[in-house]
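*Asks:* What follows is structure-v1.txt; its format and atoms are compact mmCIF, C-alpha atoms.
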```txt
# COMPACT_ATOMS: atom_id res chain seq x y z
CA MET A 1 5.35 10.75 16.01
CA ALA A 2 8.58 9.50 17.47
CA ARG A 3 10.85 10.11 14.54
CA ALA A 4 13.82 8.70 16.43
CA ALA A 5 12.05 5.37 16.76
CA LEU A 6 11.38 5.26 13.04
CA LEU A 7 14.99 5.82 12.21
CA ARG A 8 16.11 2.70 14.00
CA ARG A 9 17.04 0.18 11.39
CA LEU A 10 14.48 -2.56 10.80
CA THR A 11 16.51 -5.72 10.98
CA TRP A 12 15.48 -9.20 9.90
CA GLN A 13 14.30 -11.30 12.82
CA THR A 14 13.51 -14.96 13.07
CA GLY A 15 10.13 -16.04 14.42
CA THR A 16 8.94 -19.53 15.25
CA ILE A 17 5.57 -20.79 14.08
CA VAL A 18 3.57 -21.60 17.21
CA LYS A 19 0.03 -21.79 15.85
CA ILE A 20 -1.68 -22.23 12.50
CA VAL A 21 -5.42 -21.67 12.04
CA THR A 22 -7.26 -22.50 8.83
CA GLU A 23 -9.53 -19.58 7.95
CA THR A 24 -10.81 -20.64 4.51
CA ALA A 25 -9.89 -23.25 1.88
CA ARG A 26 -6.99 -21.08 0.74
CA THR A 27 -6.23 -18.97 3.79
CA ARG A 28 -4.37 -19.59 7.05
CA THR A 29 -3.55 -17.47 10.05
CA ILE A 30 0.04 -18.04 11.16
CA ALA A 31 1.14 -17.07 14.66
CA LEU A 32 4.84 -16.38 15.20
CA GLN A 33 6.73 -16.19 18.43
CA VAL A 34 9.19 -13.35 17.86
CA PRO A 35 11.65 -12.95 20.75
CA GLU A 36 12.56 -9.33 20.12
CA TRP A 37 9.40 -7.92 18.55
CA ARG A 38 9.47 -4.17 19.04
CA GLY A 39 5.66 -3.85 18.99
CA HIS A 40 3.35 -2.51 16.31
CA ARG A 41 0.19 -0.50 15.71
CA GLY A 42 -3.05 -1.85 14.28
CA GLY A 43 -2.90 -1.67 10.46
CA GLN A 44 0.86 -2.04 10.03
CA HIS A 45 2.48 -4.84 8.04
CA VAL A 46 5.58 -7.01 8.03
CA ASP A 47 7.92 -8.21 5.34
CA ILE A 48 8.37 -11.97 5.20
CA ARG A 49 11.47 -13.51 3.57
CA LEU A 50 11.92 -17.09 2.38
CA THR A 51 15.34 -18.54 1.60
CA ALA A 52 15.93 -21.61 -0.56
CA ASP A 53 18.77 -24.06 0.08
CA ASP A 54 20.92 -22.40 -2.57
CA GLY A 55 20.44 -18.92 -1.09
CA TYR A 56 17.70 -17.72 -3.44
CA GLN A 57 15.34 -15.42 -1.53
CA ALA A 58 11.85 -14.02 -2.02
CA GLN A 59 10.14 -11.32 0.09
CA ARG A 60 6.53 -10.19 0.37
CA SER A 61 4.57 -7.86 2.67
CA TYR A 62 1.64 -9.04 4.80
CA SER A 63 -0.72 -7.10 7.05
CA ILE A 64 -0.42 -7.93 10.73
CA ALA A 65 -3.60 -9.62 11.99
CA SER A 66 -2.84 -9.57 15.73
CA ALA A 67 -3.25 -6.74 18.23
CA PRO A 68 -0.25 -4.85 19.59
CA SER A 69 -0.93 -6.42 23.01
CA ASP A 70 -1.11 -10.02 21.72
CA ALA A 71 1.68 -12.35 22.76
CA GLN A 72 2.38 -13.41 19.19
CA VAL A 73 2.62 -11.74 15.82
CA GLU A 74 -0.01 -13.12 13.47
CA ILE A 75 -0.42 -12.81 9.73
CA THR A 76 -3.30 -14.16 7.67
CA VAL A 77 -2.17 -15.32 4.26
CA GLU A 78 -4.30 -16.11 1.24
CA ARG A 79 -2.85 -18.45 -1.38
CA LEU A 80 -2.60 -16.46 -4.59
CA HIS A 81 -2.90 -18.18 -7.93
CA ASP A 82 0.66 -18.40 -9.33
CA GLY A 83 2.00 -16.72 -6.20
CA GLU A 84 5.55 -17.45 -5.08
CA VAL A 85 5.51 -16.91 -1.31
CA SER A 86 1.84 -17.34 -0.37
CA PRO A 87 1.53 -21.00 -1.54
CA TYR A 88 4.51 -21.88 0.64
CA LEU A 89 3.08 -20.10 3.68
CA VAL A 90 -0.38 -21.61 3.20
CA ASP A 91 0.51 -25.15 2.12
CA GLN A 92 4.00 -26.01 3.37
CA LEU A 93 4.81 -24.10 6.54
CA ARG A 94 4.47 -26.25 9.69
CA LEU A 95 4.41 -25.72 13.43
CA GLY A 96 7.93 -25.23 14.75
CA ASP A 97 9.30 -23.89 11.46
CA GLU A 98 11.30 -20.69 11.53
CA LEU A 99 10.32 -17.70 9.41
CA GLU A 100 12.21 -14.49 8.79
CA LEU A 101 10.35 -11.23 9.20
CA ARG A 102 11.09 -7.53 9.26
CA GLY A 103 8.84 -4.87 10.64
CA PRO A 104 6.55 -3.34 11.60
CA VAL A 105 6.28 -1.29 8.42
CA GLY A 106 3.92 1.55 7.47
CA GLY A 107 2.66 4.36 9.64
CA TYR A 108 -0.34 5.86 7.85
CA PHE A 109 -2.92 3.06 7.59
CA VAL A 110 -2.96 2.64 11.37
CA TRP A 111 -5.42 3.28 14.17
CA GLN A 112 -4.63 3.78 17.88
CA ASP A 113 -7.80 5.31 19.39
CA SER A 114 -6.78 8.52 17.68
CA PRO A 115 -7.18 10.61 15.62
CA GLY A 116 -10.67 11.00 16.98
CA GLY A 117 -14.12 10.51 15.55
CA PRO A 118 -16.08 7.35 14.94
CA LEU A 119 -14.41 4.69 12.90
CA LEU A 120 -15.69 3.36 9.59
CA LEU A 121 -13.91 0.25 8.31
CA ILE A 122 -14.65 -1.13 4.85
CA ALA A 123 -13.12 -4.47 3.92
CA GLY A 124 -13.20 -6.47 0.71
CA GLY A 125 -12.10 -10.12 1.02
CA SER A 126 -8.66 -10.43 2.61
CA GLY A 127 -8.80 -6.67 3.27
CA ILE A 128 -10.27 -7.60 6.65
CA VAL A 129 -6.82 -8.57 8.00
CA PRO A 130 -5.53 -5.16 9.21
CA PHE A 131 -8.98 -4.44 10.65
CA ARG A 132 -8.76 -7.51 12.85
CA SER A 133 -5.64 -5.97 14.37
CA MET A 134 -7.37 -2.59 14.83
CA LEU A 135 -10.54 -4.16 16.28
CA ARG A 136 -8.58 -6.37 18.68
CA HIS A 137 -6.68 -3.27 19.79
CA HIS A 138 -10.00 -1.42 20.19
CA ARG A 139 -11.24 -4.22 22.48
CA SER A 140 -8.01 -4.55 24.44
CA ILE A 141 -7.87 -0.86 25.35
CA HIS A 142 -11.65 -0.79 26.03
CA SER A 143 -12.02 2.02 23.52
CA THR A 144 -15.35 3.83 23.49
CA VAL A 145 -14.89 4.95 19.89
CA PRO A 146 -17.92 3.64 17.96
CA VAL A 147 -17.00 1.45 15.00
CA GLN A 148 -18.92 0.39 11.93
CA LEU A 149 -17.40 -2.38 9.84
CA LEU A 150 -18.71 -3.26 6.40
CA TYR A 151 -17.16 -6.51 5.17
CA SER A 152 -17.74 -7.79 1.65
CA VAL A 153 -17.03 -11.42 0.69
CA ARG A 154 -18.14 -13.58 -2.19
CA THR A 155 -19.48 -16.56 -0.26
CA PRO A 156 -19.89 -17.64 3.39
CA GLU A 157 -16.85 -19.91 2.90
CA ASP A 158 -14.71 -16.84 2.17
CA LEU A 159 -15.37 -15.21 5.54
CA PHE A 160 -12.27 -14.82 7.76
CA TYR A 161 -12.45 -14.75 11.59
CA ARG A 162 -16.14 -15.67 11.69
CA GLU A 163 -16.48 -16.48 15.42
CA GLU A 164 -14.26 -13.63 16.52
CA LEU A 165 -16.21 -11.09 14.46
CA MET A 166 -19.49 -12.44 15.85
CA ARG A 167 -18.14 -11.95 19.38
CA MET A 168 -16.91 -8.43 18.59
CA ALA A 169 -20.31 -7.53 17.16
CA THR A 170 -21.93 -8.20 20.55
CA SER A 171 -20.12 -5.18 22.00
CA ASP A 172 -22.01 -1.88 22.13
CA GLU A 173 -19.26 -0.06 20.29
CA ILE A 174 -18.88 -2.31 17.26
CA ASP A 175 -21.45 -2.78 14.49
CA ILE A 176 -20.66 -5.26 11.73
CA SER A 177 -22.47 -5.49 8.39
CA LEU A 178 -21.70 -8.30 5.98
CA THR A 179 -22.45 -8.57 2.30
CA PHE A 180 -22.19 -11.86 0.40
CA THR A 181 -21.82 -10.88 -3.24
CA ARG A 182 -22.05 -14.28 -4.92
CA THR A 183 -23.56 -16.94 -2.62
CA GLN A 184 -25.48 -16.22 0.57
CA PRO A 185 -25.93 -18.43 3.64
CA PRO A 186 -29.32 -20.20 3.89
CA GLY A 187 -31.98 -17.86 5.23
CA TRP A 188 -29.74 -14.79 4.78
CA ASN A 189 -31.71 -11.57 4.68
CA GLY A 190 -28.77 -9.16 4.71
CA TYR A 191 -26.86 -7.63 1.81
CA ASP A 192 -26.31 -9.86 -1.20
CA ARG A 193 -24.58 -7.50 -3.61
CA ARG A 194 -21.35 -5.60 -4.20
CA ILE A 195 -20.96 -2.46 -2.12
CA ASP A 196 -22.87 0.51 -3.50
CA ARG A 197 -23.92 3.98 -2.46
CA GLU A 198 -27.11 2.83 -0.76
CA MET A 199 -25.25 0.24 1.31
CA LEU A 200 -22.66 2.80 2.47
CA VAL A 201 -25.38 5.28 3.38
CA GLU A 202 -27.32 2.63 5.34
CA SER A 203 -24.50 0.87 7.15
CA GLY A 204 -21.80 3.53 7.47
CA TRP A 205 -21.47 6.76 9.37
CA SER A 206 -22.80 9.81 7.56
CA PRO A 207 -20.28 12.49 6.55
CA GLY A 208 -21.82 14.68 9.27
CA ALA A 209 -20.43 12.32 11.92
CA ASP A 210 -16.95 13.07 10.50
CA PRO A 211 -15.76 9.47 10.74
CA LEU A 212 -12.22 8.37 10.11
CA VAL A 213 -12.53 5.91 7.24
CA TYR A 214 -10.25 3.00 6.36
CA VAL A 215 -10.77 0.99 3.20
CA CYS A 216 -8.81 -2.19 2.46
CA GLY A 217 -9.13 -4.85 -0.20
CA PRO A 218 -8.40 -5.58 -3.85
CA THR A 219 -7.67 -2.52 -5.99
CA ALA A 220 -11.04 -2.43 -7.78
CA PHE A 221 -12.93 -2.79 -4.51
CA VAL A 222 -10.99 0.01 -2.82
CA GLU A 223 -11.28 2.28 -5.83
CA THR A 224 -15.07 1.77 -5.95
CA ALA A 225 -15.58 2.22 -2.21
CA ALA A 226 -13.38 5.34 -2.02
CA GLU A 227 -15.15 6.96 -4.98
CA LEU A 228 -18.57 6.20 -3.45
CA LEU A 229 -17.50 7.64 -0.09
CA VAL A 230 -16.25 10.85 -1.69
CA GLY A 231 -19.50 11.01 -3.71
CA ILE A 232 -21.58 10.74 -0.52
CA GLY A 233 -19.68 13.69 0.90
CA HIS A 234 -16.93 12.18 3.04
CA ASP A 235 -13.81 14.31 3.30
CA PRO A 236 -11.14 12.66 1.09
CA ARG A 237 -8.53 13.62 3.71
CA ARG A 238 -10.35 11.40 6.25
CA ILE A 239 -10.25 8.35 3.96
CA ARG A 240 -7.20 6.09 4.22
CA THR A 241 -6.80 3.27 1.76
CA GLU A 242 -4.72 0.14 1.41
CA ARG A 243 -4.92 -1.64 -1.91
CA PHE A 244 -3.87 -5.25 -2.16
CA GLY A 245 -2.48 -5.53 -5.66
CA GLY A 246 -3.91 -9.01 -6.03
CA ILE A 247 -1.21 -9.80 -8.53
CA GLY A 248 -2.10 -12.81 -10.63
CA GLU A 249 -5.58 -12.91 -9.22
CA ASN A 250 -8.94 -11.85 -10.60
CA PRO A 251 -10.58 -9.22 -8.40
CA MET B 1 22.35 -16.46 10.23
CA THR B 2 19.60 -16.67 7.68
CA PRO B 3 17.58 -19.84 8.24
CA THR B 4 16.60 -21.67 5.07
CA SER B 5 12.93 -22.30 4.44
CA ARG B 6 12.45 -26.07 4.35
CA GLY B 7 11.14 -27.13 0.96
CA PHE B 8 11.08 -23.64 -0.53
CA LEU B 9 12.24 -23.60 -4.15
CA GLY B 10 10.87 -20.28 -5.41
CA SER B 11 9.41 -19.61 -8.82
CA ARG B 12 12.44 -18.07 -10.44
CA ARG B 13 11.86 -16.48 -13.76
CA THR B 14 14.18 -17.46 -16.55
CA ASP B 15 12.85 -14.93 -19.06
CA ALA B 16 14.00 -11.87 -17.10
CA ASP B 17 17.62 -10.70 -17.10
CA PRO B 18 18.72 -11.01 -13.45
CA SER B 19 20.98 -7.98 -13.79
CA ARG B 20 17.82 -5.90 -14.22
CA ILE B 21 16.16 -7.06 -10.99
CA PRO B 22 17.22 -5.23 -7.81
CA PRO B 23 17.69 -7.29 -4.63
CA GLY B 24 14.46 -8.50 -3.01
CA GLN B 25 12.32 -7.71 -6.07
CA TYR B 26 10.27 -10.00 -8.31
CA VAL B 27 9.03 -9.38 -11.83
CA THR B 28 5.35 -8.91 -12.56
CA THR B 29 3.50 -8.20 -15.77
CA ALA B 30 0.58 -6.66 -13.87
CA PHE B 31 0.53 -3.01 -12.89
CA PRO B 32 -0.54 -3.00 -9.24
CA VAL B 33 -2.08 0.14 -7.75
CA LEU B 34 -1.03 1.46 -4.34
CA SER B 35 -2.29 4.75 -2.97
CA ALA B 36 -2.88 6.14 0.49
CA GLY B 37 -6.27 7.71 -0.26
CA PRO B 38 -9.03 8.18 -2.83
CA THR B 39 -8.09 8.89 -6.45
CA PRO B 40 -8.38 12.65 -7.13
CA HIS B 41 -9.94 13.88 -10.38
CA THR B 42 -8.77 17.38 -11.25
CA PRO B 43 -10.33 18.69 -14.47
CA LEU B 44 -7.69 19.51 -17.09
CA ASP B 45 -8.89 23.11 -17.36
CA ARG B 46 -7.99 23.58 -13.70
CA TRP B 47 -4.72 21.62 -13.84
CA THR B 48 -1.37 23.39 -13.68
CA PHE B 49 2.20 22.30 -13.14
CA SER B 50 4.24 24.74 -11.05
CA ILE B 51 7.82 25.17 -9.94
CA ARG B 52 8.02 27.40 -6.87
CA GLY B 53 9.86 27.84 -3.59
CA ALA B 54 13.55 28.77 -3.66
CA VAL B 55 13.44 30.10 -7.23
CA ALA B 56 14.10 33.56 -8.65
CA GLU B 57 10.71 33.48 -10.41
CA PRO B 58 7.99 30.87 -9.88
CA ILE B 59 6.76 29.33 -13.11
CA SER B 60 3.55 27.55 -14.01
CA TRP B 61 2.12 25.77 -17.06
CA THR B 62 -1.52 25.12 -17.90
CA TRP B 63 -2.36 21.69 -19.30
CA ASP B 64 -2.29 23.02 -22.87
CA GLU B 65 1.02 24.82 -22.31
CA PHE B 66 2.50 21.70 -20.70
CA ARG B 67 1.35 19.48 -23.57
CA ALA B 68 2.86 21.89 -26.09
CA LEU B 69 6.34 21.28 -24.61
CA PRO B 70 8.63 18.81 -26.38
CA SER B 71 7.96 15.32 -25.08
CA GLU B 72 9.82 12.03 -25.12
CA ASN B 73 9.05 8.34 -25.25
CA ILE B 74 10.62 6.57 -22.29
CA THR B 75 11.03 2.80 -22.00
CA THR B 76 12.21 1.84 -18.54
CA ASP B 77 12.02 -0.66 -15.68
CA ILE B 78 10.16 0.36 -12.52
CA HIS B 79 10.63 -0.99 -8.99
CA CYS B 80 8.03 -0.71 -6.21
CA VAL B 81 9.06 -0.90 -2.54
CA THR B 82 6.32 -3.53 -2.07
CA LYS B 83 8.68 -5.87 -4.00
CA TRP B 84 7.35 -5.92 -7.55
CA SER B 85 9.33 -4.77 -10.56
CA LYS B 86 7.90 -4.26 -14.01
CA LEU B 87 10.21 -4.29 -17.01
CA ASP B 88 10.13 -2.27 -20.21
CA THR B 89 7.26 0.00 -19.25
CA GLU B 90 6.50 2.62 -21.93
CA TRP B 91 5.77 6.18 -20.95
CA MET B 92 5.37 9.51 -22.70
CA GLY B 93 6.24 12.73 -20.95
CA VAL B 94 8.20 15.94 -20.63
CA SER B 95 11.73 15.80 -19.26
CA LEU B 96 12.34 17.68 -16.00
CA ASP B 97 15.39 19.10 -17.80
CA THR B 98 12.95 20.89 -20.12
CA LEU B 99 10.78 22.12 -17.27
CA LEU B 100 13.71 23.27 -15.14
CA ALA B 101 15.62 24.87 -18.05
CA GLY B 102 14.33 28.38 -17.45
CA VAL B 103 14.33 28.19 -13.66
CA GLN B 104 16.99 30.10 -11.75
CA SER B 105 17.66 28.42 -8.44
CA SER B 106 20.54 27.25 -6.30
CA ALA B 107 18.28 24.88 -4.32
CA GLY B 108 19.53 21.34 -3.85
CA HIS B 109 16.23 19.64 -3.02
CA ALA B 110 12.68 19.37 -4.26
CA LEU B 111 9.49 18.53 -2.42
CA VAL B 112 7.07 17.20 -5.04
CA PHE B 113 3.42 18.12 -4.39
CA CYS B 114 0.29 16.49 -5.74
CA ASP B 115 -3.49 16.52 -5.79
CA GLY B 116 -4.77 14.66 -2.74
CA GLY B 117 -2.00 16.06 -0.53
CA TYR B 118 0.74 13.52 -1.32
CA THR B 119 4.34 14.71 -1.23
CA THR B 120 7.75 13.14 -1.81
CA ASN B 121 11.27 14.57 -1.62
CA LEU B 122 14.22 14.18 -3.97
CA PRO B 123 17.58 15.81 -4.59
CA ILE B 124 17.41 18.08 -7.65
CA ALA B 125 20.34 16.07 -9.03
CA ASP B 126 17.98 13.07 -9.31
CA LEU B 127 15.47 15.08 -11.32
CA THR B 128 17.93 16.39 -13.91
CA GLY B 129 20.27 14.87 -16.46
CA GLY B 130 17.65 12.81 -18.32
CA LYS B 131 16.58 10.87 -15.23
CA ALA B 132 13.06 12.19 -14.56
CA TRP B 133 9.92 13.16 -16.46
CA ILE B 134 6.41 14.46 -15.93
CA THR B 135 4.49 11.77 -17.79
CA TYR B 136 0.98 11.85 -19.23
CA GLY B 137 1.01 8.70 -21.36
CA PHE B 138 1.45 5.02 -20.54
CA GLY B 139 1.52 2.09 -22.96
CA GLY B 140 0.43 4.25 -25.88
CA ALA B 141 -2.66 5.68 -24.14
CA SER B 142 -3.28 8.57 -21.78
CA LEU B 143 -2.26 7.81 -18.20
CA ASP B 144 -5.16 6.32 -16.27
CA SER B 145 -6.19 8.22 -13.12
CA GLN B 146 -5.61 5.12 -10.94
CA HIS B 147 -1.98 5.18 -12.07
CA GLY B 148 -1.60 8.90 -11.45
CA GLY B 149 -3.18 10.60 -14.47
CA PRO B 150 -3.47 13.16 -15.79
CA ALA B 151 0.23 13.50 -14.96
CA ARG B 152 2.71 11.57 -12.89
CA LEU B 153 6.33 12.13 -11.99
CA LEU B 154 8.53 9.31 -13.32
CA VAL B 155 11.89 8.78 -11.58
CA PRO B 156 12.57 5.16 -12.46
CA HIS B 157 15.99 4.87 -10.81
CA LEU B 158 14.37 5.26 -7.36
CA TYR B 159 11.63 3.17 -5.70
CA PHE B 160 8.33 3.96 -7.30
CA TRP B 161 6.76 5.86 -4.39
CA LYS B 162 9.08 8.70 -5.50
CA SER B 163 7.28 8.69 -8.87
CA ALA B 164 4.41 10.70 -7.41
CA LYS B 165 0.93 10.26 -8.85
CA TRP B 166 -1.34 13.26 -9.66
CA VAL B 167 1.71 15.53 -9.61
CA ARG B 168 1.11 19.28 -9.63
CA GLY B 169 4.55 20.72 -9.09
CA LEU B 170 7.89 21.04 -7.40
CA ASP B 171 8.68 23.09 -4.31
CA LEU B 172 12.42 23.76 -4.57
CA ARG B 173 14.19 23.97 -1.23
CA ASP B 174 17.63 24.75 0.10
CA GLU B 175 17.13 22.11 2.79
CA ASP B 176 15.74 18.62 2.43
CA GLN B 177 12.28 18.01 3.87
CA PRO B 178 10.88 14.46 4.07
CA GLY B 179 7.70 13.78 2.10
CA PHE B 180 4.66 11.65 2.93
CA TRP B 181 6.05 8.10 3.07
CA GLU B 182 9.48 9.39 4.05
CA ARG B 183 7.86 10.64 7.29
CA TYR B 184 6.17 7.26 7.85
CA GLY B 185 9.32 5.21 8.09
CA TYR B 186 10.32 4.77 4.46
CA HIS B 187 13.83 5.56 3.30
CA ASN B 188 14.61 9.18 2.54
CA TYR B 189 16.35 8.41 -0.79
CA GLY B 190 15.04 5.00 -1.90
CA ASP B 191 17.66 3.46 -4.20
CA PRO B 192 16.33 -0.01 -5.16
CA TRP B 193 19.85 -1.26 -5.99
CA GLN B 194 20.93 -0.49 -2.41
CA GLU B 195 17.60 -1.91 -1.16
CA GLN B 196 16.86 1.34 0.67
CA ARG B 197 13.27 0.47 1.59
CA TYR B 198 12.94 1.77 5.13
CA SER B 199 14.64 4.35 7.36
CA GLY B 200 18.08 3.15 8.30
CA ASP B 201 18.44 0.68 5.37
```
What do you get writing this file as C-alpha cells?
*Replies:*
Amino acid sequence: MARAALLRRLTWQTGTIVKIVTETARTRTIALQVPEWRGHRGGQHVDIRLTADDGYQAQRSYSIASAPSDAQVEITVERLHDGEVSPYLVDQLRLGDELELRGPVGGYFVWQDSPGGPLLLIAGGSGIVPFRSMLRHHRSIHSTVPVQLLYSVRTPEDLFYREELMRMATSDEIDISLTFTRTQPPGWNGYDRRIDREMLVESGWSPGADPLVYVCGPTAFVETAAELLVGIGHDPRRIRTERFGGIGENP
Amino acid sequence: MTPTSRGFLGSRRTDADPSRIPPGQYVTTAFPVLSAGPTPHTPLDRWTFSIRGAVAEPISWTWDEFRALPSENITTDIHCVTKWSKLDTEWMGVSLDTLLAGVQSSAGHALVFCDGGYTTNLPIADLTGGKAWITYGFGGASLDSQHGGPARLLVPHLYFWKSAKWVRGLDLRDEDQPGFWERYGYHNYGDPWQEQRYSGD
C-alpha cells in the first residue's frame, strides 16, 4: 500500500449535486461533481459535513456507491428515524446545491480485483451500497473473478439499484440471490426468510473455494451472517465486515 | 470557505454539556458496534492477558488471576471516529497502572494485540496515570462479546478504535509501530479534541 498517499491530509472539498435518483421511499442516490476528487477504491466511504447559517456543523460517514472510474462520486443515503444529517440529504438537498465532503476514507473493506479468490458479498438492506461500487468496478475492469452476491431486504420496495443489479446478474461472472424477509413479490419462488446456514451453503461459495467474503448491513445482520460463515467453515481472516450502526433505527 | 447548507438547522441537543462533546461529534444513547471481522469467542479457560516485547520479564495472567486483581468502576465519555459520542458510560476493569506495576521496561510504545488479529498502537504514557483500563464489565453486567468481551482495553481520552476489543495483551516496543486502522489511513494518535481522525489531521 502506498503509505505516502495515505499520509496526505484529507481536506474538505466542495461537490455540486448533479443528479438525484430515488431508490426507495426513504432512500436517494446523490451524485456529486467533485473537481479535485483524488479517486477511491470500491468499499471506501466519505465524510459529509453540513453547516447551518450560524456555523453549527454536523458530519456523518457514507459508503461510496459509485465506481472509481465513474465521472461522479455517488452516495446512497437512507433517511434514518430521528437522524440529523440523513433527513436533510434525502428530503431537502436539491440539484445544484453544494455539499462538503472529505475522503475517501477506509482501506480495509475494499476490493480491487485482489486479493484473489472468488468473491462472496452479503448485504443486508442499505449494506448493498459499498457492493455497488465494488461490482461496478468489477464490470469496468472486466474482471474474471466470479462473484456471488446474497442481498437481503424486507420487501420488494426496499430493493436498491434494481435494474442495475438485474443487468449485472446477466454477466457470467456475477450471480445474485435475493431474499425478501417480510413481503415477497407476486409469484416469487426464491428465498423468503432471513439469512440462515442453509441459504449461505446454497447460494454462497463453499469454504473449499476459499472466497474473500464481505458482509455489510445493520449490526445484527452482520453479526448473524459472520457467525454463520465461521460456523460453515470459512476462515475468519477472509471475512471482512462493515456494520452500519443503524442508530435510532430498529434492525 | 465553508458553504452553508441551505435550510439545514441541525438537531442540537440541549441536554448534553457542549464542553463534553469534541468537534464533529454528536451524542447518542445507543451503543453502535463497529468491527472489521467476525466476533471471536475465546473460552475463558484459554484466555490470558500478556505483557511482552521490550520487557525484562514477560508476564501473563489467566482469567482467574486477572479477575483477582483490584478493579475499579469507571464512568467516562467515549468518542468514536465515526462521529458518535456516548456520555457517562459505566465500566468495570483493572487499571493498566496495576498491570504494568511489576513490569520493568524502558519502552515508550505499546502495540495492543487482540483475538481476531486486531492491533492498535499507543504511547505508554497514554496507558498509565489512571487513563486506561482492561475492562470486563459494562453497565453493571459482563461485557458483551459484540462490544469486545470478555475483555476490552478502555482508553477514553482517545478515539474509540484505540479501545481495542477482545484484547489479549500489550507488546511493548522501543519504536512506534502503527496498528490495524493506523495502517489504513487513520490517525496515529487519535485525540478527539484535536479531531485527529485521519492521517495528516
*Asks:* Residues of chain B within 7 Å of chain A, using only C-alpha atoms, as a PyMOL selection string?
*Replies:* chain B and resi 4-5+8-11+24+30+32-38+82-83+184-185+199-201
*Asks:* Here is a test: counting all atoms listed in the file, which residue of A:Leu95, A:Val145, A:Arg162, A:Leu120 is nearest to Trp205 (chain A)?
*Replies:* A:Leu120
*Asks:* Please measure the separation of CA of Glu90 (chain B) and CA of Asp77 (chain B), giving the value in Å to one decimal.
*Replies:*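 Between these atoms lies a distance of 9.0 Å.
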*Asks:* Nearest to Thr135 (chain B): which of B:Gln25, B:Ser71, B:Thr62, B:Ser106 is it, counting all atoms listed in the file?
*Replies:*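 Of all the options, B:Ser71 lies closest to Thr135 (chain B).
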*Asks:* Give me the residues within 9 Å of Pro22 (chain B) as a list in words, counting only C-alpha atoms and dropping any in the same chain fewer than 3 places off.
*Replies:*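 Returned residues: Pro18, Ser19, Gln25, Tyr26, His79, Ser85, Pro192, Trp193, Gln194 and Glu195 of chain B.
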*Asks:* Could you add whatever atoms are missing so that region 2-18 of chain B carries N, CA and C atoms, then write the result as a CSV table (one decimal), in the frame of the given file?
*Replies:*
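Final output, out_36.csv:
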```csv
chain,number,residue,atom,x,y,z
B,2,THR,N,20.9,-16.6,8.3
B,2,THR,CA,19.6,-16.7,7.7
B,2,THR,C,19.2,-18.1,7.6
B,3,PRO,N,18.0,-18.5,8.3
B,3,PRO,CA,17.6,-19.8,8.2
B,3,PRO,C,17.0,-20.1,6.8
B,4,THR,N,17.2,-21.3,6.4
B,4,THR,CA,16.6,-21.7,5.1
B,4,THR,C,15.2,-22.1,5.3
B,5,SER,N,14.3,-22.0,4.3
B,5,SER,CA,12.9,-22.3,4.4
B,5,SER,C,12.7,-23.7,3.9
B,6,ARG,N,12.5,-24.7,4.8
B,6,ARG,CA,12.4,-26.1,4.4
B,6,ARG,C,11.5,-26.3,3.2
B,7,GLY,N,12.0,-26.8,2.1
B,7,GLY,CA,11.1,-27.1,1.0
B,7,GLY,C,10.8,-26.0,0.0
B,8,PHE,N,11.4,-24.8,0.3
B,8,PHE,CA,11.1,-23.6,-0.5
B,8,PHE,C,12.0,-23.6,-1.7
B,9,LEU,N,11.5,-23.6,-2.9
B,9,LEU,CA,12.2,-23.6,-4.2
B,9,LEU,C,12.2,-22.2,-4.8
B,10,GLY,N,11.0,-21.6,-4.8
B,10,GLY,CA,10.9,-20.3,-5.4
B,10,GLY,C,10.5,-20.5,-6.9
B,11,SER,N,9.8,-19.5,-7.4
B,11,SER,CA,9.4,-19.6,-8.8
B,11,SER,C,10.3,-18.6,-9.6
B,12,ARG,N,11.5,-19.0,-9.8
B,12,ARG,CA,12.4,-18.1,-10.4
B,12,ARG,C,12.2,-17.9,-11.9
B,13,ARG,N,12.2,-16.7,-12.3
B,13,ARG,CA,11.9,-16.5,-13.8
B,13,ARG,C,13.1,-16.6,-14.6
B,14,THR,N,13.0,-17.3,-15.7
B,14,THR,CA,14.2,-17.5,-16.6
B,14,THR,C,14.1,-16.5,-17.7
B,15,ASP,N,13.0,-15.8,-17.9
B,15,ASP,CA,12.8,-14.9,-19.1
B,15,ASP,C,13.2,-13.5,-18.7
B,16,ALA,N,13.6,-13.2,-17.5
B,16,ALA,CA,14.0,-11.9,-17.1
B,16,ALA,C,15.5,-11.8,-16.8
B,17,ASP,N,16.2,-10.9,-17.3
B,17,ASP,CA,17.6,-10.7,-17.1
B,17,ASP,C,17.9,-10.4,-15.6
B,18,PRO,N,18.5,-11.3,-14.9
B,18,PRO,CA,18.7,-11.0,-13.4
B,18,PRO,C,19.4,-9.7,-13.1
```
